[in-house]
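Okay, target_33.txt now, which holds compact mmCIF, C-alpha atoms and all ligand atoms:
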```txt
# COMPACT_ATOMS: atom_id res chain seq x y z
CA MET A 219 -27.47 -8.45 8.87
CA LYS A 220 -26.18 -11.44 10.81
CA LYS A 221 -23.47 -10.42 13.26
CA LYS A 222 -20.03 -11.92 12.70
CA ASN A 223 -18.69 -14.01 15.56
CA ILE A 224 -15.07 -13.24 16.27
CA THR A 225 -12.28 -14.84 18.27
CA LEU A 226 -9.36 -12.56 19.14
CA LEU A 227 -6.15 -14.49 19.69
CA GLY A 228 -4.10 -12.07 21.76
CA SER A 229 -6.79 -9.54 22.68
CA THR A 230 -4.61 -7.71 25.23
CA GLY A 231 -1.89 -6.71 22.76
CA SER A 232 -1.52 -3.71 20.51
CA ILE A 233 -3.50 -5.22 17.60
CA GLY A 234 -5.99 -6.88 19.96
CA THR A 235 -6.89 -3.70 21.84
CA GLN A 236 -7.08 -1.64 18.64
CA ALA A 237 -9.38 -4.29 17.18
CA LEU A 238 -11.69 -4.11 20.20
CA ASN A 239 -11.62 -0.33 20.01
CA ILE A 240 -12.83 -0.25 16.40
CA ILE A 241 -15.21 -3.18 16.88
CA SER A 242 -16.90 -1.31 19.73
CA GLU A 243 -17.91 1.45 17.28
CA SER A 244 -20.33 -0.83 15.46
CA ASN A 245 -22.91 -3.50 16.15
CA ARG A 246 -21.72 -5.78 13.36
CA TYR A 247 -19.83 -8.15 15.64
CA GLU A 248 -20.22 -10.55 18.52
CA ILE A 249 -17.05 -11.52 20.41
CA PHE A 250 -16.92 -15.28 20.84
CA ALA A 251 -13.57 -15.59 22.62
CA LEU A 252 -10.77 -13.43 24.00
CA THR A 253 -7.31 -14.85 24.73
CA CYS A 254 -4.11 -13.61 26.37
CA ASN A 255 -0.78 -14.93 27.60
CA GLN A 256 -0.71 -13.64 31.21
CA ARG A 257 -2.45 -10.25 31.49
CA ILE A 258 -5.59 -11.50 33.23
CA ASP A 259 -6.63 -8.18 34.79
CA GLU A 260 -6.80 -6.62 31.35
CA ILE A 261 -8.65 -9.54 29.79
CA VAL A 262 -11.19 -9.57 32.64
CA GLU A 263 -11.86 -5.89 32.00
CA GLN A 264 -12.36 -6.65 28.29
CA ALA A 265 -14.58 -9.64 29.08
CA LEU A 266 -16.90 -7.60 31.27
CA ILE A 267 -17.40 -5.12 28.43
CA PHE A 268 -17.55 -7.45 25.41
CA LYS A 269 -19.19 -10.45 27.12
CA PRO A 270 -17.54 -13.31 25.19
CA LYS A 271 -18.57 -16.93 25.64
CA LEU A 272 -14.98 -17.97 26.37
CA VAL A 273 -11.84 -16.40 27.87
CA VAL A 274 -8.48 -18.18 27.60
CA VAL A 275 -5.18 -17.55 29.34
CA TYR A 276 -2.30 -19.39 27.68
CA ASP A 277 -0.06 -19.50 30.77
CA GLU A 278 -1.73 -22.19 32.88
CA SER A 279 -0.43 -20.77 36.17
CA TYR A 280 -2.94 -17.91 35.80
CA TYR A 281 -5.92 -20.18 35.18
CA GLU A 282 -7.29 -20.41 38.75
CA ALA A 283 -6.92 -16.66 39.31
CA LEU A 284 -8.72 -15.90 36.05
CA LYS A 285 -11.49 -18.34 36.91
CA GLY A 286 -11.95 -16.65 40.28
CA LYS A 287 -12.19 -13.20 38.70
CA LEU A 288 -14.91 -14.34 36.28
CA ALA A 289 -16.74 -16.64 38.73
CA HIS A 290 -19.70 -14.23 39.00
CA THR A 291 -20.32 -14.46 35.21
CA THR A 292 -21.41 -17.24 32.83
CA ILE A 293 -18.20 -16.88 30.79
CA LYS A 294 -16.29 -20.12 30.35
CA VAL A 295 -12.59 -20.03 31.24
CA ALA A 296 -9.88 -22.21 29.68
CA CYS A 297 -6.07 -22.25 29.46
CA GLY A 298 -3.09 -23.54 27.52
CA MET A 299 -2.83 -24.51 23.87
CA SER A 300 -6.02 -26.59 24.16
CA GLY A 301 -7.84 -23.44 25.28
CA LEU A 302 -6.54 -21.47 22.30
CA ILE A 303 -7.59 -24.28 19.96
CA GLU A 304 -11.08 -24.36 21.46
CA ALA A 305 -11.34 -20.58 21.02
CA VAL A 306 -10.57 -20.78 17.29
CA THR A 307 -12.36 -23.97 16.27
CA HIS A 308 -15.75 -23.67 18.00
CA SER A 309 -18.60 -24.02 15.50
CA ASP A 310 -19.99 -20.56 16.42
CA VAL A 311 -16.82 -18.75 15.28
CA ASP A 312 -16.80 -17.03 11.86
CA ILE A 313 -13.51 -15.08 11.96
CA VAL A 314 -10.29 -15.55 13.92
CA LEU A 315 -8.10 -12.48 14.34
CA THR A 316 -4.60 -13.87 14.94
CA SER A 317 -3.04 -11.05 16.93
CA VAL A 318 -0.66 -13.03 19.13
CA VAL A 319 3.01 -12.25 18.76
CA GLY A 320 5.52 -14.90 17.71
CA ASN A 321 5.51 -18.43 16.41
CA ILE A 322 3.11 -19.45 19.19
CA GLY A 323 0.43 -18.40 16.68
CA LEU A 324 1.22 -21.28 14.33
CA GLU A 325 -0.69 -24.13 15.97
CA PRO A 326 -3.96 -22.27 16.63
CA THR A 327 -3.85 -20.77 13.13
CA ILE A 328 -3.54 -24.25 11.61
CA ALA A 329 -6.42 -25.46 13.78
CA ALA A 330 -8.58 -22.51 12.68
CA ILE A 331 -7.78 -23.18 9.02
CA LYS A 332 -8.68 -26.85 9.39
CA ALA A 333 -11.99 -25.77 10.93
CA GLY A 334 -12.61 -23.68 7.79
CA LYS A 335 -12.59 -20.33 9.62
CA THR A 336 -11.83 -17.01 7.97
CA ILE A 337 -8.44 -15.84 9.23
CA ALA A 338 -7.73 -12.13 9.74
CA LEU A 339 -3.99 -12.60 9.89
CA ALA A 340 -1.91 -10.15 11.91
CA ASN A 341 0.58 -12.69 13.29
CA LYS A 342 3.25 -12.59 10.60
CA GLU A 343 5.53 -15.20 12.22
CA THR A 344 3.04 -17.92 11.14
CA LEU A 345 3.57 -17.34 7.42
CA VAL A 346 7.28 -16.71 7.87
CA THR A 347 7.85 -20.13 9.37
CA ALA A 348 5.17 -22.15 7.58
CA GLY A 349 3.88 -20.15 4.60
CA GLU A 350 4.64 -23.01 2.24
CA LEU A 351 2.30 -25.29 4.22
CA ILE A 352 -0.29 -22.77 5.38
CA MET A 353 -1.35 -21.39 2.00
CA PRO A 354 -2.19 -24.80 0.41
CA LEU A 355 -3.82 -25.89 3.68
CA ALA A 356 -6.12 -22.86 3.57
CA LYS A 357 -7.06 -23.74 -0.02
CA GLN A 358 -7.72 -27.36 0.93
CA TYR A 359 -10.04 -26.43 3.81
CA GLY A 360 -11.75 -23.49 2.10
CA SER A 361 -10.40 -21.05 4.67
CA THR A 362 -9.88 -17.44 3.55
CA ILE A 363 -6.79 -15.61 4.78
CA LEU A 364 -7.18 -11.83 4.93
CA PRO A 365 -4.02 -9.86 5.73
CA VAL A 366 -4.09 -7.36 8.59
CA ASP A 367 -0.50 -6.17 8.35
CA SER A 368 -0.87 -2.69 6.81
CA GLU A 369 1.48 -3.39 3.89
CA HIS A 370 -0.21 -6.64 2.96
CA SER A 371 -3.65 -5.15 3.40
CA ALA A 372 -2.54 -2.42 0.96
CA ILE A 373 -1.26 -4.97 -1.57
CA PHE A 374 -4.42 -7.04 -1.17
CA GLN A 375 -6.58 -3.95 -1.80
CA CYS A 376 -4.50 -2.93 -4.85
CA LEU A 377 -4.91 -6.43 -6.31
CA ASN A 378 -8.62 -6.65 -5.61
CA GLY A 379 -10.44 -7.50 -8.84
CA GLU A 380 -7.22 -7.60 -10.90
CA ASN A 381 -5.97 -10.52 -12.94
CA HIS A 382 -3.11 -11.94 -10.87
CA LYS A 383 -1.23 -12.84 -14.06
CA THR A 384 -0.79 -9.14 -14.87
CA LEU A 385 1.01 -8.44 -11.57
CA ASP A 386 4.58 -7.38 -12.31
CA LYS A 387 5.97 -6.16 -9.03
CA ILE A 388 5.19 -5.33 -5.41
CA TYR A 389 6.64 -2.24 -3.73
CA LEU A 390 6.77 -3.06 -0.03
CA THR A 391 7.15 0.19 1.88
CA ALA A 392 9.03 0.56 5.19
CA SER A 393 9.16 3.46 7.61
CA GLY A 394 12.85 2.81 8.24
CA GLY A 395 12.32 2.45 11.99
CA ALA A 396 13.72 4.45 14.88
CA PHE A 397 17.36 4.49 13.68
CA ARG A 398 16.91 5.42 10.03
CA ASN A 399 18.98 8.59 10.38
CA TYR A 400 21.84 7.23 12.50
CA THR A 401 25.25 5.93 11.44
CA GLN A 402 26.24 2.33 12.07
CA ASP A 403 28.54 3.45 14.88
CA GLU A 404 25.75 5.34 16.59
CA ILE A 405 23.26 2.50 16.13
CA LYS A 406 25.71 0.03 17.65
CA HIS A 407 25.29 1.61 21.09
CA LYS A 408 21.53 2.20 20.96
CA LYS A 409 19.51 0.62 23.71
CA ALA A 410 16.00 -0.82 23.49
CA VAL A 411 14.37 2.27 25.08
CA GLU A 412 15.45 4.28 22.05
CA ALA A 413 14.56 1.56 19.55
CA LEU A 414 11.07 1.53 21.06
CA LYS A 415 10.44 5.13 19.95
CA HIS A 416 8.91 4.35 16.56
CA PRO A 417 8.47 7.49 14.46
CA ASN A 418 4.99 6.67 13.04
CA TRP A 419 3.32 3.60 14.50
CA SER A 420 2.41 2.64 18.05
CA MET A 421 2.85 -1.15 18.24
CA GLY A 422 3.86 -3.99 20.54
CA GLN A 423 7.48 -4.09 21.78
CA LYS A 424 8.68 -7.01 19.67
CA ILE A 425 7.51 -5.60 16.33
CA THR A 426 8.85 -2.14 17.25
CA ILE A 427 12.35 -3.59 17.75
CA ASP A 428 11.87 -5.56 14.52
CA SER A 429 11.13 -2.25 12.82
CA ALA A 430 14.32 -0.70 14.16
CA THR A 431 16.42 -3.63 12.83
CA LEU A 432 14.34 -3.84 9.61
CA MET A 433 13.70 -7.50 10.46
CA ASN A 434 10.04 -6.50 10.38
CA LYS A 435 10.40 -5.73 6.68
CA GLY A 436 12.26 -9.00 6.21
CA LEU A 437 9.39 -10.89 7.86
CA GLU A 438 6.92 -8.97 5.71
CA PHE A 439 8.96 -9.76 2.58
CA ILE A 440 8.53 -13.47 3.32
CA GLU A 441 4.89 -12.96 4.31
CA ALA A 442 4.23 -11.21 0.96
CA LYS A 443 5.85 -14.01 -1.01
CA TRP A 444 3.42 -16.57 0.43
CA LEU A 445 0.30 -14.41 0.57
CA PHE A 446 0.53 -13.19 -3.01
CA ASP A 447 2.31 -16.15 -4.60
CA VAL A 448 5.11 -14.09 -6.21
CA GLN A 449 8.82 -14.65 -6.75
CA PRO A 450 11.14 -12.85 -4.30
CA SER A 451 12.58 -10.97 -7.30
CA GLN A 452 9.12 -9.40 -7.77
CA ILE A 453 9.22 -7.71 -4.35
CA GLU A 454 11.13 -4.46 -3.84
CA VAL A 455 11.52 -2.86 -0.43
CA LEU A 456 11.27 0.94 -0.45
CA VAL A 457 11.93 3.06 2.62
CA HIS A 458 9.12 5.62 2.81
CA PRO A 459 9.58 7.50 6.09
CA GLN A 460 6.13 9.14 6.17
CA SER A 461 4.23 5.78 6.27
CA ILE A 462 1.39 7.20 4.17
CA ILE A 463 1.67 4.86 1.19
CA HIS A 464 1.20 1.47 2.83
CA SER A 465 2.49 -0.40 -0.23
CA MET A 466 2.06 -0.45 -4.02
CA VAL A 467 1.57 -2.85 -6.88
CA GLN A 468 2.92 -2.44 -10.41
CA PHE A 469 1.19 -4.24 -13.27
CA ARG A 470 2.58 -5.56 -16.52
CA ASP A 471 1.59 -2.33 -18.33
CA HIS A 472 3.65 -0.37 -15.73
CA SER A 473 0.57 1.16 -14.21
CA ILE A 474 0.95 1.41 -10.43
CA MET A 475 -1.72 1.20 -7.73
CA ALA A 476 -1.00 2.46 -4.22
CA GLN A 477 -3.07 2.35 -1.03
CA LEU A 478 -2.77 5.41 1.22
CA GLY A 479 -4.02 6.49 4.59
CA VAL A 480 -2.98 7.71 8.02
CA PRO A 481 -0.77 5.20 9.88
CA ASP A 482 -3.52 3.72 12.02
CA MET A 483 -3.79 -0.08 12.29
CA ARG A 484 -7.51 0.12 12.99
CA VAL A 485 -8.08 0.67 9.25
CA PRO A 486 -6.50 -2.60 8.00
CA ILE A 487 -7.94 -4.48 11.01
CA ILE A 488 -11.53 -3.45 10.29
CA TYR A 489 -11.02 -3.89 6.54
CA ALA A 490 -10.13 -7.55 7.13
CA LEU A 491 -13.06 -8.06 9.51
CA ASP A 492 -15.61 -6.38 7.21
CA TYR A 493 -14.24 -7.69 3.92
CA PRO A 494 -15.63 -7.35 1.27
CA ASP A 495 -17.69 -4.50 2.77
CA ARG A 496 -16.56 -1.10 3.97
CA PHE A 497 -18.29 1.03 6.62
CA ASP A 498 -17.89 4.46 8.27
CA ASN A 499 -15.53 4.69 11.21
CA SER A 500 -13.99 7.30 13.49
CA VAL A 501 -10.42 7.07 12.14
CA LYS A 502 -9.32 10.50 11.06
CA PRO A 503 -8.92 10.73 7.29
CA LEU A 504 -5.67 11.68 5.59
CA ASP A 505 -5.31 15.45 5.21
CA PHE A 506 -3.39 16.11 1.99
CA GLN A 507 -3.11 19.83 2.82
CA THR A 508 -0.79 19.06 5.72
CA LEU A 509 1.36 16.54 3.83
CA THR A 510 4.61 18.17 2.88
CA ALA A 511 6.24 15.32 0.97
CA LEU A 512 6.14 11.63 0.21
CA THR A 513 9.73 10.47 -0.11
CA PHE A 514 11.48 7.20 -0.91
CA GLU A 515 14.92 5.73 -0.22
CA LYS A 516 16.71 2.47 -0.82
CA PRO A 517 17.09 0.27 2.25
CA ASP A 518 20.61 0.19 3.71
CA TYR A 519 21.57 -3.47 4.16
CA LYS A 520 24.82 -2.55 5.89
CA ARG A 521 23.29 -0.65 8.79
CA PHE A 522 20.29 -3.00 8.85
CA PRO A 523 21.60 -6.49 8.04
CA CYS A 524 18.44 -8.24 9.25
CA LEU A 525 16.58 -7.35 6.05
CA ARG A 526 19.18 -9.10 3.89
CA ILE A 527 19.30 -12.06 6.30
CA ALA A 528 15.55 -12.55 5.91
CA MET A 529 15.69 -12.29 2.11
CA ASP A 530 18.49 -14.88 2.05
CA ALA A 531 16.61 -17.19 4.45
CA LEU A 532 13.66 -17.12 2.09
CA LYS A 533 15.97 -17.97 -0.83
CA SER A 534 17.42 -20.94 1.10
CA GLY A 535 13.88 -21.99 2.00
CA GLY A 536 13.15 -25.13 3.98
CA ILE A 537 13.65 -24.66 7.69
CA MET A 538 15.87 -21.55 7.43
CA PRO A 539 13.07 -18.96 7.86
CA THR A 540 11.96 -20.86 11.01
CA ILE A 541 15.49 -20.78 12.46
CA MET A 542 15.80 -17.12 11.60
CA ASN A 543 12.46 -16.29 13.18
CA ALA A 544 13.05 -18.28 16.38
CA ALA A 545 16.54 -16.81 16.80
CA ASN A 546 15.15 -13.34 16.24
CA GLU A 547 12.41 -13.81 18.87
CA VAL A 548 14.94 -14.88 21.53
CA LEU A 549 17.47 -12.18 20.62
CA VAL A 550 14.88 -9.40 20.54
CA ALA A 551 13.66 -10.48 24.00
CA ALA A 552 17.28 -10.31 25.24
CA TYR A 553 17.81 -6.89 23.63
CA LEU A 554 14.61 -5.63 25.29
CA LYS A 555 16.16 -6.61 28.64
CA ASP A 556 19.43 -4.82 27.75
CA ARG A 557 21.28 -8.12 27.88
CA ILE A 558 22.71 -7.83 24.36
CA GLY A 559 23.53 -5.02 21.92
CA PHE A 560 21.75 -4.00 18.73
CA TYR A 561 24.03 -5.82 16.29
CA ASP A 562 24.12 -8.93 18.51
CA ILE A 563 20.63 -9.56 17.11
CA SER A 564 21.76 -9.94 13.48
CA GLU A 565 25.00 -11.69 14.49
CA GLY A 566 23.12 -14.16 16.69
CA ILE A 567 20.65 -14.95 13.90
CA GLU A 568 23.53 -15.61 11.50
CA LYS A 569 25.20 -17.93 14.02
CA ALA A 570 21.98 -19.90 14.40
CA LEU A 571 21.49 -20.12 10.63
CA SER A 572 24.97 -21.53 10.11
CA HIS A 573 24.76 -23.88 13.11
CA PHE A 574 21.81 -25.93 11.84
CA ASN A 575 21.46 -28.00 8.67
CA ASN A 576 18.59 -27.12 6.41
CA ILE A 577 15.60 -29.43 5.94
CA GLN A 578 13.83 -28.93 2.61
CA ASN A 579 10.03 -29.37 2.50
CA PRO A 580 9.72 -29.45 6.31
CA SER A 581 6.61 -30.83 7.99
CA ILE A 582 4.82 -28.90 10.74
CA ASP A 583 6.59 -31.18 13.25
CA ASP A 584 9.98 -30.30 11.69
CA ILE A 585 9.08 -26.62 12.01
CA LEU A 586 7.96 -26.91 15.63
CA SER A 587 11.04 -28.91 16.67
CA SER A 588 13.46 -26.62 14.80
CA ASP A 589 11.82 -23.69 16.53
CA ILE A 590 12.47 -25.26 19.95
CA GLU A 591 16.05 -26.32 19.13
CA THR A 592 16.92 -22.88 17.77
CA ARG A 593 15.56 -21.16 20.86
CA ARG A 594 17.67 -23.44 23.06
CA PHE A 595 20.80 -22.77 20.98
CA VAL A 596 20.32 -19.00 20.95
CA ARG A 597 19.54 -18.82 24.70
CA GLN A 598 22.91 -20.49 25.36
CA LEU A 599 24.52 -18.03 22.97
CA CYS A 600 23.08 -15.13 24.98
CA GLU A 601 24.59 -16.52 28.21
P1 LIG B 1 1.72 -7.35 21.53
O1 LIG B 1 2.97 -7.81 22.19
O2 LIG B 1 1.23 -5.99 21.80
O3 LIG B 1 0.53 -8.36 21.89
C1 LIG B 1 0.69 -9.72 21.80
C2 LIG B 1 -0.55 -10.47 22.24
O4 LIG B 1 -0.23 -11.86 22.17
C3 LIG B 1 -0.99 -10.21 23.67
O5 LIG B 1 -2.38 -10.25 23.75
C4 LIG B 1 -0.41 -11.38 24.45
O6 LIG B 1 -1.17 -11.72 25.58
C5 LIG B 1 -0.46 -12.48 23.43
N1 LIG B 1 0.61 -13.46 23.63
C6 LIG B 1 1.94 -13.21 23.76
N2 LIG B 1 2.62 -14.34 23.97
C7 LIG B 1 1.71 -15.34 23.98
C8 LIG B 1 1.78 -16.73 24.18
N3 LIG B 1 2.94 -17.36 24.42
N4 LIG B 1 0.64 -17.43 24.12
C9 LIG B 1 -0.54 -16.84 23.89
N5 LIG B 1 -0.68 -15.52 23.72
C10 LIG B 1 0.43 -14.78 23.75
O7 LIG B 1 1.91 -7.60 19.95
P2 LIG B 1 1.27 -6.78 18.72
O8 LIG B 1 2.12 -5.62 18.43
O9 LIG B 1 -0.19 -6.61 18.93
O10 LIG B 1 1.54 -7.81 17.52
C11 LIG B 1 0.79 -8.99 17.35
C12 LIG B 1 1.14 -9.60 15.99
O11 LIG B 1 0.69 -8.72 14.96
C13 LIG B 1 2.64 -9.77 15.76
O12 LIG B 1 2.86 -10.92 15.00
C14 LIG B 1 3.01 -8.53 14.95
O13 LIG B 1 4.14 -8.74 14.12
C15 LIG B 1 1.76 -8.33 14.12
N6 LIG B 1 1.54 -6.95 13.70
C16 LIG B 1 1.40 -5.97 14.63
C17 LIG B 1 1.19 -4.66 14.22
C18 LIG B 1 0.98 -3.55 15.24
O14 LIG B 1 0.69 -2.42 14.85
N7 LIG B 1 1.10 -3.80 16.53
C19 LIG B 1 1.15 -4.35 12.87
C20 LIG B 1 1.28 -5.38 11.95
C21 LIG B 1 1.47 -6.68 12.37
MG MG B 2 3.58 -3.94 8.66
```
Could you write out this structure as structure tokens?
Amino acid sequence: MKKKNITLLGSTGSIGTQALNIISESNRYEIFALTCNQRIDEIVEQALIFKPKLVVVYDESYYEALKGKLAHTTIKVACGMSGLIEAVTHSDVDIVLTSVVGNIGLEPTIAAIKAGKTIALANKETLVTAGELIMPLAKQYGSTILPVDSEHSAIFQCLNGENHKTLDKIYLTASGGAFRNYTQDEIKHKKAVEALKHPNWSMGQKITIDSATLMNKGLEFIEAKWLFDVQPSQIEVLVHPQSIIHSMVQFRDHSIMAQLGVPDMRVPIIYALDYPDRFDNSVKPLDFQTLTALTFEKPDYKRFPCLRIAMDALKSGGIMPTIMNAANEVLVAAYLKDRIGFYDISEGIEKALSHFNNIQNPSIDDILSSDIETRRFVRQLCE
């Protein structure tokens, strides 16, 4: 079997390190490139183990230091956006795992699609801001997009081999995040340290805050719309605190398919990399004997306004999801530094959404410039 050549965009993050962990269990892969933003000590450690052809640091001020640390090897070192683009478009690359966080993933993902690569898509911000352009682009260039997000992997698996026309509805499940059981008054005073204590999943900081605000489910709602080509009215968010059912699909005949498993991202990551095959791995299987209950609740839009904001931004379309996403990125970063409160996140996003005029059918340039303008506006708001 020919080994698959993989580029990991964001190899030092939560998804990136879990991917390397599960990849190291098999000999089915070759790592072509590893990339990070600034954490060069970690990426050097990874490079010495996985021996990629290329290592990229996005922040150019770390370039010389990284080069020095890898000088005794034959590994090529690059930096900046041009480095990321080289890592995803090289002719040796088969699959690109997009595990960077934020809208920074957009440009390299587009480049990888245009190079006809298979995309294992973890970076949800890409489809949130540019789903309307990305999906047809992938079709045009014959690039396959395989979802890594656990919910979308579940939906993808439930739809495998089915006639898309018989799809009636998607049940998008949500853990409910760290503050599911608190009142609005209690949540109001919660700091980032508490929001970072996710009940079921261990993830990067940004997505863990997004889970606490339910913005993560809002982003996934938009992501599902584009990935599975459904109407927003066909997607229902269900809070399922145990995170065992990763999502479900209901067909026209009201038969429902669900995908279940332990909450471990290594399963959807390796599924996307091995697709359409499946192999043994060391992830512990679900033990039904120890499961006490699988429960479901309606999401509470009052305590968690971000979910409704995202659903409305999708309805408005155009540039609104980009503004929402950019505002959210800046506000979550400020919340992580204790500079703003929990509900300043949703309020700040709403201010940004009403400040800018919508642009229908935006180009990639419109999206990139709106992203920059929104960030500038929201940074001022935070000061
Ligand atoms: P993380 O913060 O742990 O890691 C982010 C990675 O991106 C790091 O390798 C970092 O070096 C890189 N990065 C950050 N900023 C960058 C920049 N400006 N330029 C280049 N590289 C940059 O994030 P994560 O939790 O691994 O999440 C990654 C993506 O996957 C996010 O879009 C997230 O929503 C999605 N996702 C994550 C999980 C999870 O379990 N962690 C689950 C589903 C989806
Ligand atoms: Mg998810």
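Nearest to ligand MG 2 (chain B) of all the residues A:Gly298, A:Pro459, A:Gly379, A:Pro365 is A:Pro365, counting all atoms listed in the file.
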Rows by chain and residue number, range 522-548 of chain A within 12 Å of range 323-346 of chain A, shortest pair, all atoms listed in the file, as CSV:
```
residue,atom,partner,partner_atom,distance
A:Ala528,CA,A:Val346,CA,9.5
A:Met529,CA,A:Val346,CA,11.1
A:Ala531,CA,A:Val346,CA,9.9
A:Leu532,CA,A:Val346,CA,8.6
A:Gly535,CA,A:Val346,CA,10.3
A:Gly536,CA,A:Val346,CA,11.0
A:Ile537,CA,A:Val346,CA,10.2
A:Met538,CA,A:Val346,CA,9.9
A:Pro539,CA,A:Val346,CA,6.2
A:Thr540,CA,A:Val346,CA,7.0
A:Ile541,CA,A:Val346,CA,10.2
A:Met542,CA,A:Val346,CA,9.3
A:Asn543,CA,A:Glu343,CA,7.1
A:Ala544,CA,A:Glu343,CA,9.1
A:Asn546,CA,A:Glu343,CA,10.6
A:Glu547,CA,A:Glu343,CA,9.7
```
Just write the chosen residues, C-alpha atoms, as a PDB file, keeping the file's coordinate frame.
```pdb
ATOM      1  CA  ALA A 528      15.550 -12.550   5.910  1.00  0.00           C
ATOM      2  CA  MET A 529      15.690 -12.290   2.110  1.00  0.00           C
ATOM      3  CA  ALA A 531      16.610 -17.190   4.450  1.00  0.00           C
ATOM      4  CA  LEU A 532      13.660 -17.120   2.090  1.00  0.00           C
ATOM      5  CA  GLY A 535      13.880 -21.990   2.000  1.00  0.00           C
ATOM      6  CA  GLY A 536      13.150 -25.130   3.980  1.00  0.00           C
ATOM      7  CA  ILE A 537      13.650 -24.660   7.690  1.00  0.00           C
ATOM      8  CA  MET A 538      15.870 -21.550   7.430  1.00  0.00           C
ATOM      9  CA  PRO A 539      13.070 -18.960   7.860  1.00  0.00           C
ATOM     10  CA  THR A 540      11.960 -20.860  11.010  1.00  0.00           C
ATOM     11  CA  ILE A 541      15.490 -20.780  12.460  1.00  0.00           C
ATOM     12  CA  MET A 542      15.800 -17.120  11.600  1.00  0.00           C
ATOM     13  CA  ASN A 543      12.460 -16.290  13.180  1.00  0.00           C
ATOM     14  CA  ALA A 544      13.050 -18.280  16.380  1.00  0.00           C
ATOM     15  CA  ASN A 546      15.150 -13.340  16.240  1.00  0.00           C
ATOM     16  CA  GLU A 547      12.410 -13.810  18.870  1.00  0.00           C
TER      17      GLU A 547
END
```
Between CA of Gln598 in chain A and CA of Lys406 in chain A, what distance in Å does the model show, to one decimal?
22.1 Å
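Distances here use only C-alpha atoms; by that measure, the residue among A:Lys294, A:Lys357, A:His370, A:Lys383 closest to Met483 in chain A is A:His370.
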Environment of ligand MG 2 (chain B) within 6 Å, counting all atoms listed in the file, reported as JSON, numbers by chain
{"A": [367, 368, 369]}
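From CA of Lys271 in chain A back to CA of Leu288 in chain A, the distance works out to 11.5 Å.
Shortest separation to ligand LIG 1 (chain B) among A:Ala251, A:Val596, A:Val318, A:Met299 occurs at residue A:Val318, atoms counted being only C-alpha atoms and all ligand atoms.
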Using all atoms listed in the file, which of A:Phe514, A:Tyr493, A:Tyr389, A:Phe595 sits nearest Thr362 in chain A?
A:Tyr493
Centre, x/y/z edge lengths, axis-aligned box for ligand LIG 1 (chain B) with 8 Å per side, as lines of an AutoDock Vina configuration file:
```
center_x = 0.9
center_y = -9.9
center_z = 18.8
size_x = 22.5
size_y = 31.0
size_z = 29.6
```
Return as number ranges by chain every polymer residue, whether protein, DNA or RNA, with at least one atom no more than 9 Å from an atom of ligand LIG 1 (chain B); count all atoms listed in the file.
A: 226-236, 252-258, 261, 274-277, 298-299, 302, 316-323, 339-344, 366-369, 419-426, 428, 434, 437-438, 482-484
Residues of the last selection are to be written out with C-alpha atoms, as a short mmCIF file (atom, residue, chain, number, x, y, z; two decimals), keeping the file's coordinate frame.
```cif
data_model
loop_
_atom_site.label_atom_id
_atom_site.label_comp_id
_atom_site.auth_asym_id
_atom_site.auth_seq_id
_atom_site.Cartn_x
_atom_site.Cartn_y
_atom_site.Cartn_z
CA LEU A 226 -9.36 -12.56 19.14
CA LEU A 227 -6.15 -14.49 19.69
CA GLY A 228 -4.10 -12.07 21.76
CA SER A 229 -6.79 -9.54 22.68
CA THR A 230 -4.61 -7.71 25.23
CA GLY A 231 -1.89 -6.71 22.76
CA SER A 232 -1.52 -3.71 20.51
CA ILE A 233 -3.50 -5.22 17.60
CA GLY A 234 -5.99 -6.88 19.96
CA THR A 235 -6.89 -3.70 21.84
CA GLN A 236 -7.08 -1.64 18.64
CA LEU A 252 -10.77 -13.43 24.00
CA THR A 253 -7.31 -14.85 24.73
CA CYS A 254 -4.11 -13.61 26.37
CA ASN A 255 -0.78 -14.93 27.60
CA GLN A 256 -0.71 -13.64 31.21
CA ARG A 257 -2.45 -10.25 31.49
CA ILE A 258 -5.59 -11.50 33.23
CA ILE A 261 -8.65 -9.54 29.79
CA VAL A 274 -8.48 -18.18 27.60
CA VAL A 275 -5.18 -17.55 29.34
CA TYR A 276 -2.30 -19.39 27.68
CA ASP A 277 -0.06 -19.50 30.77
CA GLY A 298 -3.09 -23.54 27.52
CA MET A 299 -2.83 -24.51 23.87
CA LEU A 302 -6.54 -21.47 22.30
CA THR A 316 -4.60 -13.87 14.94
CA SER A 317 -3.04 -11.05 16.93
CA VAL A 318 -0.66 -13.03 19.13
CA VAL A 319 3.01 -12.25 18.76
CA GLY A 320 5.52 -14.90 17.71
CA ASN A 321 5.51 -18.43 16.41
CA ILE A 322 3.11 -19.45 19.19
CA GLY A 323 0.43 -18.40 16.68
CA LEU A 339 -3.99 -12.60 9.89
CA ALA A 340 -1.91 -10.15 11.91
CA ASN A 341 0.58 -12.69 13.29
CA LYS A 342 3.25 -12.59 10.60
CA GLU A 343 5.53 -15.20 12.22
CA THR A 344 3.04 -17.92 11.14
CA VAL A 366 -4.09 -7.36 8.59
CA ASP A 367 -0.50 -6.17 8.35
CA SER A 368 -0.87 -2.69 6.81
CA GLU A 369 1.48 -3.39 3.89
CA TRP A 419 3.32 3.60 14.50
CA SER A 420 2.41 2.64 18.05
CA MET A 421 2.85 -1.15 18.24
CA GLY A 422 3.86 -3.99 20.54
CA GLN A 423 7.48 -4.09 21.78
CA LYS A 424 8.68 -7.01 19.67
CA ILE A 425 7.51 -5.60 16.33
CA THR A 426 8.85 -2.14 17.25
CA ASP A 428 11.87 -5.56 14.52
CA ASN A 434 10.04 -6.50 10.38
CA LEU A 437 9.39 -10.89 7.86
CA GLU A 438 6.92 -8.97 5.71
CA ASP A 482 -3.52 3.72 12.02
CA MET A 483 -3.79 -0.08 12.29
CA ARG A 484 -7.51 0.12 12.99
#
```
